[in-house]
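Dumped target_26.cif below, it's mmCIF, C-alpha atoms and all ligand atoms:
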```cif
data_entry
loop_
_atom_site.label_atom_id
_atom_site.label_comp_id
_atom_site.auth_asym_id
_atom_site.auth_seq_id
_atom_site.Cartn_x
_atom_site.Cartn_y
_atom_site.Cartn_z
CA VAL A 1 0.19 -0.55 -2.85
CA PRO A 2 1.26 1.42 -5.90
CA GLU A 3 -1.48 1.81 -8.51
CA LEU A 4 -1.48 3.71 -11.80
CA PRO A 5 -0.91 7.24 -10.34
CA GLU A 6 1.96 6.10 -8.11
CA VAL A 7 3.66 4.15 -10.90
CA GLU A 8 3.17 7.06 -13.31
CA THR A 9 4.80 9.41 -10.77
CA VAL A 10 7.79 7.10 -10.35
CA VAL A 11 8.14 6.86 -14.14
CA ARG A 12 8.09 10.65 -14.48
CA CYS A 13 10.85 10.93 -11.85
CA LEU A 14 13.00 8.23 -13.45
CA ARG A 15 12.65 9.36 -17.06
CA PRO A 16 14.92 12.46 -16.94
CA ALA A 17 17.46 10.61 -14.78
CA LEU A 18 17.69 7.57 -17.09
CA VAL A 19 16.90 8.32 -20.74
CA GLY A 20 20.07 8.71 -22.83
CA ARG A 21 22.31 7.03 -20.24
CA ARG A 22 23.73 3.52 -20.34
CA PHE A 23 23.66 0.59 -17.96
CA ARG A 24 27.10 -0.83 -17.24
CA GLY A 25 26.40 -3.99 -15.26
CA VAL A 26 24.60 -5.03 -12.12
CA GLN A 27 25.36 -5.91 -8.53
CA VAL A 28 23.05 -8.43 -6.94
CA THR A 29 22.85 -7.68 -3.22
CA GLY A 30 20.83 -8.96 -0.30
CA LYS A 31 18.13 -11.60 -0.45
CA PRO A 32 17.02 -12.72 -3.89
CA LEU A 33 13.70 -11.57 -5.28
CA ARG A 34 11.00 -14.14 -5.87
CA ARG A 35 12.09 -14.44 -9.46
CA LYS A 36 15.85 -14.84 -9.40
CA TRP A 37 18.14 -12.61 -11.42
CA ASN A 38 19.78 -14.51 -14.29
CA ALA A 39 23.23 -14.51 -15.80
CA ALA A 40 21.98 -13.69 -19.31
CA SER A 41 20.58 -10.41 -17.99
CA THR A 42 23.92 -9.60 -16.37
CA ARG A 43 25.74 -10.19 -19.67
CA LEU A 44 23.23 -8.01 -21.48
CA LEU A 45 23.77 -5.10 -19.09
CA LEU A 46 27.57 -5.49 -19.13
CA ALA A 47 27.44 -4.76 -22.87
CA GLY A 48 26.33 -1.22 -21.95
CA PRO A 49 22.90 -0.82 -23.55
CA GLU A 50 21.54 2.70 -23.78
CA ILE A 51 18.22 3.55 -22.16
CA HIS A 52 15.85 4.75 -24.86
CA ALA A 53 12.63 5.29 -22.94
CA VAL A 54 10.96 4.92 -19.56
CA GLU A 55 7.27 4.13 -19.86
CA ARG A 56 4.32 2.88 -17.85
CA ARG A 57 1.76 0.27 -18.82
CA GLY A 58 -0.87 -0.53 -16.17
CA LYS A 59 1.11 -0.84 -12.95
CA TRP A 60 4.28 -1.91 -14.76
CA ILE A 61 7.39 0.19 -15.41
CA LEU A 62 9.07 -0.39 -18.78
CA ILE A 63 12.68 0.69 -19.30
CA ARG A 64 13.38 0.23 -22.99
CA LEU A 65 16.93 -0.49 -24.09
CA SER A 66 18.86 0.08 -27.31
CA THR A 67 19.19 -3.71 -27.71
CA ALA A 68 15.39 -3.99 -28.22
CA ASP A 69 15.16 -5.54 -24.78
CA CYS A 70 13.20 -4.07 -21.93
CA MET A 71 13.63 -3.98 -18.17
CA LEU A 72 10.20 -4.72 -16.75
CA VAL A 73 9.54 -3.70 -13.15
CA HIS A 74 6.57 -4.19 -10.84
CA LEU A 75 6.71 -2.43 -7.48
CA GLY A 76 4.49 -5.01 -5.77
CA MET A 77 3.52 -3.69 -2.34
CA THR A 78 6.68 -2.00 -1.12
CA GLY A 79 9.07 -1.82 -4.09
CA ARG A 80 11.14 1.28 -4.76
CA LEU A 81 13.09 2.05 -7.90
CA GLN A 82 15.34 5.09 -7.58
CA VAL A 83 18.40 6.72 -9.08
CA VAL A 84 20.85 7.67 -6.32
CA ALA A 85 24.45 8.87 -6.09
CA SER A 86 26.89 5.94 -6.30
CA GLY A 87 28.51 6.58 -2.93
CA GLN A 88 25.28 6.55 -0.99
CA PRO A 89 25.09 3.72 1.57
CA LEU A 90 22.89 0.82 0.51
CA ALA A 91 19.51 0.87 2.22
CA THR A 92 18.44 -2.43 3.77
CA HIS A 93 16.45 -4.71 1.44
CA THR A 94 18.25 -3.38 -1.63
CA HIS A 95 18.24 -6.29 -4.08
CA LEU A 96 19.69 -4.96 -7.28
CA VAL A 97 22.04 -2.07 -8.09
CA PHE A 98 22.61 -0.94 -11.67
CA PRO A 99 25.54 1.44 -12.19
CA LEU A 100 24.90 4.03 -14.90
CA ALA A 101 27.16 5.85 -17.37
CA PRO A 102 28.17 8.46 -18.18
CA GLY A 103 28.77 10.15 -14.88
CA ASP A 104 27.89 9.15 -11.39
CA GLY A 105 24.78 7.45 -10.10
CA GLU A 106 23.04 4.12 -10.07
CA LEU A 107 19.55 2.72 -10.32
CA ARG A 108 18.58 0.75 -7.22
CA PHE A 109 15.69 -1.61 -6.61
CA ARG A 110 14.66 -2.43 -3.08
CA ASP A 111 11.57 -4.21 -1.89
CA PRO A 112 11.25 -5.18 1.81
CA ARG A 113 8.24 -7.44 1.26
CA ARG A 114 9.46 -8.84 -2.05
CA PHE A 115 6.15 -8.89 -3.87
CA GLY A 116 7.75 -6.83 -6.63
CA SER A 117 9.74 -8.02 -9.60
CA LEU A 118 12.42 -6.79 -11.95
CA GLU A 119 13.52 -8.67 -15.04
CA ILE A 120 14.75 -8.16 -18.57
CA MET A 121 12.75 -9.41 -21.52
CA SER A 122 12.97 -9.13 -25.27
CA SER A 123 10.50 -6.64 -26.73
CA GLN A 124 8.67 -9.54 -28.36
CA ALA A 125 8.30 -11.48 -25.12
CA LEU A 126 7.26 -8.29 -23.37
CA ALA A 127 4.54 -7.52 -25.91
CA ALA A 128 3.11 -11.04 -25.50
CA PHE A 129 3.33 -10.79 -21.71
CA LEU A 130 1.46 -7.48 -21.57
CA GLU A 131 -1.08 -8.62 -24.13
CA ARG A 132 -1.97 -11.61 -21.95
CA ARG A 133 -2.34 -9.63 -18.77
CA LEU A 134 -3.53 -6.14 -19.53
CA GLY A 135 -6.52 -4.54 -21.13
CA PRO A 136 -6.50 -0.93 -22.34
CA GLU A 137 -5.19 2.03 -20.42
CA PRO A 138 -8.05 4.05 -18.90
CA PHE A 139 -7.18 7.10 -20.99
CA ASP A 140 -7.22 5.11 -24.26
CA LEU A 141 -10.31 3.07 -23.50
CA ALA A 142 -13.29 3.87 -25.73
CA PRO A 143 -16.55 4.27 -23.74
CA GLU A 144 -18.30 1.65 -25.89
CA SER A 145 -15.51 -0.87 -25.25
CA PHE A 146 -15.66 -0.23 -21.52
CA ALA A 147 -19.44 -0.67 -21.47
CA ALA A 148 -19.08 -3.88 -23.51
CA ALA A 149 -16.43 -5.25 -21.11
CA LEU A 150 -18.71 -4.58 -18.14
CA GLY A 151 -21.58 -6.22 -19.99
CA ARG A 152 -19.59 -9.41 -20.40
CA THR A 153 -19.04 -10.10 -16.69
CA ARG A 154 -21.47 -11.23 -14.02
CA ARG A 155 -19.12 -10.09 -11.27
CA CYS A 156 -19.77 -6.98 -9.22
CA LEU A 157 -18.49 -3.60 -10.41
CA LYS A 158 -15.66 -3.48 -7.89
CA ALA A 159 -14.31 -6.85 -9.04
CA ALA A 160 -14.61 -5.80 -12.68
CA LEU A 161 -12.58 -2.63 -12.04
CA LEU A 162 -9.82 -4.58 -10.31
CA ASP A 163 -9.55 -6.92 -13.31
CA GLN A 164 -6.52 -5.58 -15.19
CA ARG A 165 -7.91 -7.00 -18.44
CA VAL A 166 -11.01 -4.79 -18.19
CA VAL A 167 -9.00 -1.64 -17.53
CA ALA A 168 -5.29 -1.53 -16.66
CA GLY A 169 -3.87 0.22 -13.63
CA LEU A 170 -6.67 0.40 -11.06
CA GLY A 171 -6.32 -1.09 -7.60
CA ASN A 172 -8.32 -0.91 -4.42
CA ILE A 173 -7.91 2.83 -3.74
CA TYR A 174 -8.82 4.27 -7.12
CA ALA A 175 -11.56 1.70 -7.81
CA ASP A 176 -13.32 2.70 -4.57
CA GLU A 177 -12.84 6.42 -5.23
CA ALA A 178 -14.05 6.21 -8.84
CA LEU A 179 -17.17 4.23 -7.87
CA PHE A 180 -18.01 6.84 -5.25
CA GLN A 181 -17.56 9.70 -7.71
CA ALA A 182 -19.78 7.92 -10.22
CA ARG A 183 -22.33 7.28 -7.44
CA LEU A 184 -22.39 3.57 -8.25
CA SER A 185 -22.49 0.79 -5.68
CA PRO A 186 -19.44 -1.50 -5.77
CA PHE A 187 -21.88 -4.45 -5.34
CA ARG A 188 -23.83 -3.77 -8.52
CA ARG A 189 -23.58 -6.50 -11.06
CA ALA A 190 -21.34 -5.15 -13.83
CA SER A 191 -23.46 -6.63 -16.63
CA GLY A 192 -26.54 -4.82 -15.27
CA VAL A 193 -25.06 -1.33 -15.50
CA ARG A 194 -26.71 0.98 -18.02
CA ARG A 195 -24.64 2.60 -20.74
CA ARG A 196 -25.07 6.03 -19.17
CA ASP A 197 -23.69 4.75 -15.85
CA ALA A 198 -20.78 2.97 -17.56
CA ASP A 199 -19.87 6.24 -19.28
CA ALA A 200 -20.09 8.12 -15.97
CA LEU A 201 -17.88 5.51 -14.35
CA LEU A 202 -15.20 5.79 -17.04
CA ARG A 203 -15.24 9.59 -16.67
CA ALA A 204 -14.93 9.22 -12.89
CA ILE A 205 -12.00 6.81 -13.28
CA ARG A 206 -10.17 9.29 -15.50
CA ARG A 207 -10.96 12.25 -13.23
CA VAL A 208 -9.72 10.44 -10.12
CA LEU A 209 -6.54 9.25 -11.84
CA VAL A 210 -5.72 12.64 -13.36
CA ARG A 211 -6.10 14.35 -9.99
CA ALA A 212 -4.09 11.64 -8.20
CA ILE A 213 -1.27 11.96 -10.75
CA GLU A 214 -1.29 15.75 -10.15
CA LYS A 215 -0.88 15.03 -6.43
CA LYS A 216 1.91 12.49 -7.17
CA GLY A 217 -0.16 9.57 -5.90
CA SER A 218 -1.29 8.56 -2.42
CA THR A 219 1.06 7.70 0.42
CA ILE A 220 -0.59 5.43 2.98
CA ARG A 221 2.35 3.47 4.32
CA ASP A 222 5.32 2.82 2.11
CA TYR A 223 5.01 4.55 -1.19
CA MET A 224 7.56 7.27 -1.96
CA TYR A 225 8.24 8.38 -5.51
CA ASP A 226 11.85 9.31 -4.76
CA GLU A 227 13.98 9.43 -1.65
CA ASN A 228 11.68 11.71 0.29
CA GLY A 229 8.71 12.36 -1.95
CA GLN A 230 5.32 11.44 -0.56
CA GLY A 231 2.11 11.55 -2.53
CA GLY A 232 -0.66 13.95 -1.53
CA TYR A 233 -3.88 12.42 -2.84
CA GLN A 234 -4.65 10.56 0.42
CA THR A 235 -5.97 13.83 1.89
CA GLU A 236 -8.62 13.90 -0.84
CA PHE A 237 -10.03 10.40 -0.36
CA ARG A 238 -13.84 10.44 -0.27
CA VAL A 239 -14.28 6.83 0.85
CA TYR A 240 -11.03 4.85 0.87
CA GLN A 241 -10.06 4.04 4.50
CA ARG A 242 -12.68 6.49 5.80
CA THR A 243 -14.84 3.81 7.47
CA GLY A 244 -17.19 5.47 9.98
CA ALA A 245 -16.19 9.01 8.96
CA PRO A 246 -18.98 11.21 7.56
CA CYS A 247 -19.52 11.11 3.79
CA ARG A 248 -18.34 14.38 2.27
CA GLN A 249 -21.61 14.57 0.30
CA CYS A 250 -24.33 13.43 2.70
CA ARG A 251 -22.65 13.19 6.14
CA ARG A 252 -23.71 9.54 6.65
CA PRO A 253 -20.92 7.25 7.83
CA ILE A 254 -18.80 5.56 5.19
CA CYS A 255 -19.09 1.75 5.26
CA ARG A 256 -16.56 -0.96 4.63
CA ALA A 257 -17.23 -4.47 3.33
CA VAL A 258 -14.80 -7.25 2.59
CA LEU A 259 -15.06 -8.77 -0.88
CA GLY A 260 -12.77 -11.65 -1.69
CA GLY A 261 -10.34 -10.62 1.04
CA ARG A 262 -10.08 -6.97 -0.10
CA SER A 263 -11.85 -4.15 1.68
CA THR A 264 -14.28 -1.99 -0.22
CA HIS A 265 -15.27 1.44 1.06
CA TYR A 266 -18.50 3.12 0.00
CA CYS A 267 -21.33 5.41 1.04
CA PRO A 268 -24.57 3.38 1.24
CA ALA A 269 -26.64 6.51 0.62
CA CYS A 270 -24.72 8.10 -2.26
CA GLN A 271 -23.95 4.77 -3.93
CA ARG A 272 -27.37 3.19 -3.95
CA VAL A 273 -27.68 -0.47 -4.79
CA ALA A 274 -29.84 -1.29 -7.77
CA ARG A 275 -31.72 -4.54 -8.37
CA SER A 276 -28.80 -6.06 -10.22
CA ARG A 277 -26.84 -6.26 -7.01
CA VAL A 278 -24.40 -9.08 -6.41
CA LYS A 279 -24.76 -10.24 -2.83
CA PRO A 280 -21.56 -9.49 -0.93
CA ARG A 281 -21.07 -13.17 -0.08
CA GLN A 282 -21.20 -14.18 -3.73
CA ALA A 283 -19.20 -11.23 -4.93
CA ALA A 284 -15.85 -12.99 -4.92
CA LEU A 285 -13.28 -10.80 -6.56
CA ALA A 286 -11.84 -13.70 -8.50
CA THR A 287 -13.44 -14.74 -11.76
ZN ZN B 301 -22.86 9.89 0.99
#
```
Let me see the file written as structure tokens.
Amino acid sequence: VPELPEVETVVRCLRPALVGRRFRGVQVTGKPLRRKWNAASTRLLLAGPEIHAVERRGKWILIRLSTADCMLVHLGMTGRLQVVASGQPLATHTHLVFPLAPGDGELRFRDPRRFGSLEIMSSQALAAFLERRLGPEPFDLAPESFAAALGRTRRCLKAALLDQRVVAGLGNIYADEALFQARLSPFRRASGVRRRDADALLRAIRRVLVRAIEKKGSTIRDYMYDENGQGGYQTEFRVYQRTGAPCRQCRRPICRAVLGGRSTHYCPACQRVARSRVKPRQAALAT
């Protein structure tokens, strides 16, 4: 599932291929996405808006248009957004094709499992949408704000990190890896974490994300940042999907627990549980 480093990598690939070019319509192909494409968006793209910027916010891709509208894309589990030559045969599960000008090429969105989304919103609607859903980016987040956000929740640390309003962009992989690097148990109650540990956790989050972006993300099953590009960070996982394998620090086997339907990977020796532990059964990931 694409998280911040994967989405950032896709954005960096798309930016040089899109910025300064124009959309000139859309072809809706294949099965509809969960949120259906609308006629107003088709009319907007037929008018030929120029692409001003390609940005990332949390796990969302923002393609900003000269009309002050924005194409907002979420890759879901298996979504791919790529610029390809116009003549190239359509891959199966391609939902939307956006021809570009000038020159050849088109932006294509395909998503076999259809958990992703692509829609066009006004900048105003977009700002309100992001404001509702997302907290700060990990690189902009002040340590005191992060510590305060942890202090406000009685959930466990893992659940707090997955909450996009606490910090935007983390998912299962990078939350597990950051907790390991900070040597904090995922079951610790977030509000019981000392300031020093909160600061260490924020540093670990940033370190893990920076390295994962350098490696162009992690490819476990589906994620590719362009037609053939696979991420490389999966070879550096310390805990994620290493259940039973020896911890790279202490050689004890890595454990896995299921919290609210999501697996959590951790080293029980390196990530000791303090008194403010949330019992795994109570540690539902939902609020
Ligand atoms: Zn260990």
Task: A:Val28, A:Ile173, A:Cys70, A:Ala160 ranked by distance to Phe109 (chain A), top pick (using only C-alpha atoms) - done: A:Val28
Open item on the list: Please list, as JSON, numbers by chain, the residues that have an atom at most 8 Å away from (1.3, 0.2, -5.2) in the coordinates of this file, counting only C-alpha atoms.
Closed with: {"A": [1, 2, 3, 4, 6, 7, 59, 75, 76, 77, 78, 223]}
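When CA of Val11 (chain A) is paired with CA of Thr29 (chain A), their separation reads 23.4 Å.
Residues in contact with ligand ZN 301 (chain B) (atom pairs separated by at most 10 Å; all atoms listed in the file) are Phe180, Arg183, Arg238, Val239, Pro246, Cys247, Arg248, Gln249, Cys250, Arg251, Arg252, Pro253, Ile254, Cys255, Tyr266, Cys267, Pro268, Ala269, Cys270, Gln271 and Arg272 of chain A.
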Task: Spatial neighbours of Met121 (chain A), 10 Å, only C-alpha atoms, chain gap at least 4 places, as a VMD selection string - done: chain A and resid 41 64 68 to 72 125 to 127 129
Task: Selected residue, from A:Ala39, A:Ala204, A:Leu162, A:Ala148, that lies nearest to Arg262 (chain A) when counting all atoms listed in the file - done: A:Leu162
- [ ] May I have the residues within 10 Å of Glu227 (chain A) as a list in words, using only C-alpha atoms and disregarding those fewer than 2 positions away in the same chain?
- [x] Arg80, Leu81, Gln82, Val83, Val84, Met224, Tyr225, Gly229 and Gln230 of chain A
Task: Test item: residues at most 12 Å from Ala168 (chain A), only C-alpha atoms, excluding those fewer than 6 positions along its chain, as number ranges by chain - done: A: 3-5, 56-60, 130-141, 146, 160-162, 174-175, 205-206, 209
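Picture a line from CA of Ala198 (chain A) to CA of Ile220 (chain A); it runs 28.9 Å.
Among the candidates A:Ala200, A:Leu46, A:Ala212, A:Val258, the residue lying nearest to Glu8 (chain A) is A:Ala212 (atoms considered: only C-alpha atoms).
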- [ ] Using CA of Ile213 (chain A) and CA of Ala147 (chain A) as the two end points, give the distance in Å to one decimal.
- [x] 24.6 Å
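Distance check against Gly169 (chain A) using all atoms listed in the file: of A:Arg188, A:Ile61, A:Arg34, A:Arg108, the minimum falls on A:Ile61.
Of the listed residues (A:Arg113, A:His95, A:Gln164, A:Glu119), A:Glu119 comes nearest to Leu44 (chain A); the distances count only C-alpha atoms.
Closest approach to Leu157 (chain A) among A:Ala85, A:Ile51, A:Leu33, A:Leu259: A:Leu259, based on all atoms listed in the file.
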Centre and edges of the region 1-19 of chain A box, axis-aligned, 3 Å extra per side, as JSON:
```
{"center_x": 8.1, "center_y": 6.0, "center_z": -11.8, "size_x": 25.2, "size_y": 19.0, "size_z": 23.9}
```
- [ ] Using all atoms listed in the file, collect all residues at a distance of at most 10 Å from (-11.3, 4.9, 10.5) as written in the file, then present them as a list of chain:residue names.
- [x] A:Tyr240, A:Gln241, A:Arg242, A:Thr243, A:Gly244, A:Ala245, A:Ile254, A:Cys255, A:Arg256
